[in-house]
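Since the structure comes first, as structure tokens, the remarks are kept for the end.
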Amino acid sequence: MEQEFVYITLAALFGIFMAWGIGANDVANAMATSVGSKALTIRQAIVVAAVFEFLGAVLAGGEVTDTVRKGIVDTDLLADTPELLVYGMLAALLAAGTWLFIASKNGWPVSTTHSIVGAIVGFAAVGIGVDAVQWGKVGEIVMSWVISPLTAGFIAYLIYQSVQRLILRQEDPLAKAKRYVPVYIFFAAFTITLVTILKGLKHVGLTISLGDSYFLATAIAVGIALIGALAIRRIQPDKKADKNQHFYTVERVFGILMVVTACGMAFAHGSNDVANAIGPLAAVVSVAQNGVITAKSTLPVWVLALGGAGIVIGLATFGRHVIATVGKKITQLTPSRGFAAELAAATTIVIASGTGMPISTTHTLVGAVLGVGLARGIEAIDLRVVARIFVSWVVTIPAGAFLAIVFFFIFKLVLP
Amino acid sequence: MANMLANIFGKSPVKPLEKHIGIAFRCAKQLHAFFAAAAKGNWEKAQSVRNEIERLEHEADDLKKKIRLGLPKSLFMPVPREDLLELLLVQDKIANRTRDVSGIVMGRKMQIPAEIAEQFLEFVDRNVDAAKQARKSVRELDELFTAGFRGAEVDLVEAMIEELDQIETDTDDKQAALRGALFAIEDTLNPIDAVFMYQVIELTGEVADMAERVGRRLELLLSH
């Protein structure tokens with residue numbers, strides 16, 4: 001009994017710390033595009049992120065959290081020694097947190113998701129045995145790490161091409177923007193709502209039929225698009241800032257759209273990244289409460305809510321500073337470009353969350369931005385940084401694994 | 001992690017290029033005040049304008065160096081890096097020619113012959129107009145990037161470049177007329193002064209030539 005309490009408390013502490021870190025650092029990437037392009041103020045961005053990260057975590061974070069807590073490690077093998085799973089998950093959390101801290105200090109671009117998955121695979125493969133890892137699943141996860149930035153890039157490329165053809169290259173871009181941006185708003189709201197309804201609501205106990213899902217998503221999207229259209233109508237051209245093509249005002253119209261995609265991005269990010277903090281915690285809770293791990297043990301909603309809360313606190317405390325800093329540096333991502341990247345990334349991430357794949361939200365967003373760049377939408381992209389990101393891929397997984405192995409053996413010795 | 005997204009973006013050359021053409025134009029604009037003072041024989045005033053010209057030309061040079069340093073080969077842009085560097089080069093030449101011609105006039109304290117003074121000043125102003133039109137065209141760079149170098153914005157800029165060509169042709173005509181006027185009175189002048197006067201006319205005309213080359217370089221960007 002006492003043992004169980006100690007484990008759960010430790011796991012909760014580590015998990016909340018991870019969640020806090022995600023809120024402080026990662027969320028900034030999701031929201032900085034909106035702040036940098038002045039579509040939202042920092043305060044508005046924090047409110048949006050707080051609400052939608054939490055919703056994303058609770059409503060749509062279940063599948064990915066399940067994968068992290070019981071999809072990577074073969075829990076059957078641990079039926080006799082469930083405490084090993086507890087040590088392992090604690091070690092994984094601590095390892096990922098440590099690696100992220102080290103990387104932060106050195107300014108290396110690393111992913112929270114790669115860190116935690118690498119750590120879990122590490123302790124399981126070395127600490128327990130190579131058979132303890134479900135390599136099939138791990139293979140799928142690694143594939144998803146490759147596919148998600150590519151997909152987001154491709155979608156962003158298509159979206160931005162459409163923006164250029166329909167609006168930016170036309171004779172009267174402002175009129176075209178006022179006409180077409182509500183349509184983009186509809187598609188953004190529709191896609192994210194639909195994927196969430198179809199894939200995500202299981203863990204909250206809601207089931208909706210396929211037909212009803214489409215209907216509901218359409219209704220919600222139409223509503224949001226109408227609100228957006230009203231807001232757009234109120235935008236007047238700015239004689240001083242506009243030149244001939246009124247691009248300054250066009251960007252303000254896209255700014256309305258960015259509010260929608262910012263919500264979508266926060267939601268998507270919450271749905272995928274909450275698992276990094278809470279997945280291991282959920283595994284520990286399962287074992288500690290039931291003594292064993294069953295493949296069927298359900299994920300308690302309070303765990304997801306705890307993760308969501310941790311993210312929000314991290315965002316509200318340290319995150320505002322990071323958002324401000326990043327927002328200042330990404331001024332090239334004007335609303336017309338930023339929304340294409342955000343919509344592509346959010347859609348990709350939400351689909352991944354729905355299929356239970358833990359992907360790197362930051363890499364996906366970077367992939368989307370590169371997609372816009374390939375559509376000739378970005379003035380200057382530093383390819384050296386892109387190369388550095390690829391390098392960090394290769395380094396993070398072994399680093400997380402190594403640290404997890406070390407902590408695992410320490411915990412095995414020290415903990416009851 | 002936050003660094004990842006922020007550092008993906010390299011330093012955009014667009015605003016610096018637009019700033020540079022602004023400085024080059026302000027330099028060329030000084031030519032009116034300079035030659036007005038020179039024509040009146042007010043060499044004190046001419047010297048102070050000449051100092052301003054030199055200051056602006058240095059400012060342009062410094063910015064040119066900064067822009068070049070900020071455009072490494074590892075930068076991925078919608079248009080080739082070389083084309084932007086070439087554009088920068090000819091923009092800078094507008095300021096350089098301004099400095100050159102003012103230097104020669106100042107150095108010899110060259111008196112503009114009264115018979116052609118008014119015609120000459122009109123010629124100078126037309127060259128400055130060319131520089132102004134070049135600035136107007138280059139300032140559309142950020143709009144061109146937004147439109148992805150296609151569409152209605154391209155038509156707009158092409159019209160501006162067309163107008164720039166016309167102004168430059170106008171300066172060519174004025175230059176020919178000026179040479180004719182000088183030819184008519186050259187016997188009344190000191191031979192060395194006469195020769196240098198022809199040179200001053202030619203060098204001043206190069207300000208519009210450089211402005212026209214800016215238009216050419218911009219057109220090359222549009223063709224991508």
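Chain labels follow the order of the structure tokens: the first chain is A, the next B, and so on; residue numbering restarts at 1 in every chain, and ligands are counted from 1 in their shown order.
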
Query raised in the report: When the cut-off is 7 Å and we count only C-alpha atoms, which residues of chain B are near chain A, given as number ranges by chain?
Result: B: 1-12, 74-78, 145-148, 150-153

Report task. Just list the residues in stretch 25-219 of chain B DSSP gives alpha helix (DSSP H) on the backbone, as number ranges by chain. Result -> B: 25-40, 43-69, 81-108, 114-138, 141-146, 152-185, 191-219

Requested in this report: Would you mind reading off the distance between atom CA of A:Ala152 and atom CA of A:Ile220, one decimal, in Å?
Outcome: 23.9 Å

**Report entry** Between atom CA of B:Pro191 and atom CA of B:Gln47 - distance in Å to one decimal
**Finding:**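 Straight-line distance from atom CA of B:Gln47 to atom CA of B:Pro191 works out to 24.9 Å.
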
Query - Distance query stretch 126-141 of chain B at most 7 Å, only C-alpha atoms, self and fewer than 6 positions along chain excluded, as a ChimeraX atom specification - result: /B:14,18,21-22,25,28-29,157,160-161,164,167-168,171,205,207-208,211,214-215

Saved selection, atoms kept: C-alpha atoms, as a short mmCIF file (atom, residue, chain, number, x, y, z; two decimals), in the first residue's frame:
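Just written: again_21.cif:
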```cif
data_model
loop_
_atom_site.label_atom_id
_atom_site.label_comp_id
_atom_site.auth_asym_id
_atom_site.auth_seq_id
_atom_site.Cartn_x
_atom_site.Cartn_y
_atom_site.Cartn_z
CA VAL B 14 14.22 42.12 -48.39
CA GLU B 18 14.71 48.27 -49.64
CA ILE B 21 17.94 51.76 -52.29
CA GLY B 22 16.45 54.43 -50.03
CA PHE B 25 18.34 57.64 -53.66
CA ALA B 28 21.52 60.98 -55.60
CA LYS B 29 18.91 63.53 -54.53
CA VAL B 157 6.26 46.27 -61.14
CA MET B 160 7.13 50.73 -63.04
CA ILE B 161 10.23 49.39 -64.80
CA LEU B 164 11.95 53.84 -65.49
CA ILE B 167 12.82 58.33 -67.87
CA GLU B 168 16.26 56.98 -68.74
CA THR B 171 17.86 61.60 -69.88
CA GLY B 205 24.07 60.66 -67.10
CA VAL B 207 23.25 57.96 -62.51
CA ALA B 208 20.19 57.31 -64.67
CA ALA B 211 19.00 53.32 -62.16
CA VAL B 214 18.47 48.37 -61.30
CA GLY B 215 15.28 48.00 -63.31
#
```

Would you kindly return, as a compact mmCIF listing (two decimals) with N, CA and C atoms, in the first residue's frame, each protein, DNA or RNA residue with an atom no farther than 8 Å from any atom of B:Leu89, considering only C-alpha atoms and excluding same-chain residues fewer than 4 positions away?
```txt
# COMPACT_ATOMS: atom_id res chain seq x y z
N LYS B 64 25.62 47.65 -47.64
CA LYS B 64 25.88 46.65 -48.68
C LYS B 64 26.72 45.51 -48.11
N LEU B 85 22.24 39.67 -55.02
CA LEU B 85 23.52 40.33 -54.82
C LEU B 85 23.83 41.27 -55.99
N LYS B 93 25.81 51.35 -57.11
CA LYS B 93 26.50 52.16 -58.11
C LYS B 93 25.84 53.52 -58.29
```

Query raised in the report: For B:Ala114, which of B:Glu206, B:Val200, B:Glu59, B:Thr188 is the closest residue, counting only C-alpha atoms?
Result: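 Using only C-alpha atoms, the shortest distance to B:Ala114 belongs to B:Thr188.
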
**Report entry** Neighbour list for A:Leu10 as a PyMOL selection string, cut-off 10 Å, only C-alpha atoms, skip fewer than 6 positions in-chain
**Finding:** chain A and resi 4+16+90+281+284

Query raised in the report: By how many Å are atom CA of A:Trp20 and atom CA of A:Gly310 apart?
Result: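 One can read the atom CA of A:Trp20 to atom CA of A:Gly310 distance as 5.0 Å.
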
Query raised in the report: Which neighbours of B:Pro113 fall inside 10 Å, counting only C-alpha atoms, when residues of the same chain fewer than 5 positions from it are skipped, and could you give them as a PyMOL selection string?
Result: chain B and resi 39+118+120+182+185-186+188-189+193-194+197

Please save N, CA and C atoms of the selected residues as a PDB file, in the first residue's frame.
```pdb
ATOM      1  N   ALA B  39      26.664  75.983 -59.691  1.00  0.00           N
ATOM      2  CA  ALA B  39      26.353  76.905 -60.782  1.00  0.00           C
ATOM      3  C   ALA B  39      26.457  78.359 -60.323  1.00  0.00           C
ATOM      4  N   GLU B 118      20.942  76.285 -66.776  1.00  0.00           N
ATOM      5  CA  GLU B 118      19.547  75.878 -66.510  1.00  0.00           C
ATOM      6  C   GLU B 118      19.256  74.526 -67.140  1.00  0.00           C
ATOM      7  N   PHE B 120      21.375  72.229 -67.793  1.00  0.00           N
ATOM      8  CA  PHE B 120      22.116  71.206 -67.074  1.00  0.00           C
ATOM      9  C   PHE B 120      21.371  70.780 -65.805  1.00  0.00           C
ATOM     10  N   LEU B 182      26.754  72.485 -75.401  1.00  0.00           N
ATOM     11  CA  LEU B 182      28.133  72.713 -74.976  1.00  0.00           C
ATOM     12  C   LEU B 182      29.038  72.901 -76.181  1.00  0.00           C
ATOM     13  N   ILE B 185      29.202  76.349 -77.535  1.00  0.00           N
ATOM     14  CA  ILE B 185      29.926  77.399 -76.819  1.00  0.00           C
ATOM     15  C   ILE B 185      31.346  76.990 -76.433  1.00  0.00           C
ATOM     16  N   GLU B 186      31.789  75.802 -76.890  1.00  0.00           N
ATOM     17  CA  GLU B 186      33.043  75.285 -76.340  1.00  0.00           C
ATOM     18  C   GLU B 186      34.247  76.151 -76.701  1.00  0.00           C
ATOM     19  N   THR B 188      34.393  79.235 -76.465  1.00  0.00           N
ATOM     20  CA  THR B 188      34.508  80.337 -75.515  1.00  0.00           C
ATOM     21  C   THR B 188      35.085  79.882 -74.191  1.00  0.00           C
ATOM     22  N   LEU B 189      35.271  78.566 -74.046  1.00  0.00           N
ATOM     23  CA  LEU B 189      35.719  78.052 -72.757  1.00  0.00           C
ATOM     24  C   LEU B 189      37.190  77.692 -72.803  1.00  0.00           C
ATOM     25  N   ASP B 193      38.669  72.980 -69.176  1.00  0.00           N
ATOM     26  CA  ASP B 193      37.336  73.071 -68.576  1.00  0.00           C
ATOM     27  C   ASP B 193      36.297  72.428 -69.486  1.00  0.00           C
ATOM     28  N   ALA B 194      36.432  72.708 -70.799  1.00  0.00           N
ATOM     29  CA  ALA B 194      35.461  72.164 -71.752  1.00  0.00           C
ATOM     30  C   ALA B 194      35.471  70.645 -71.718  1.00  0.00           C
ATOM     31  N   MET B 197      33.937  69.353 -68.692  1.00  0.00           N
ATOM     32  CA  MET B 197      32.491  69.573 -68.693  1.00  0.00           C
ATOM     33  C   MET B 197      31.780  68.419 -69.405  1.00  0.00           C
TER      34      MET B 197
END
```

Query raised in the report: Leaving out B:Ala33 and any residue of its chain fewer than 5 positions from it, which residues lie within 9 Å of it when counting only C-alpha atoms, given as a PyMOL selection string?
Result: chain B and resi 38+45-46+49
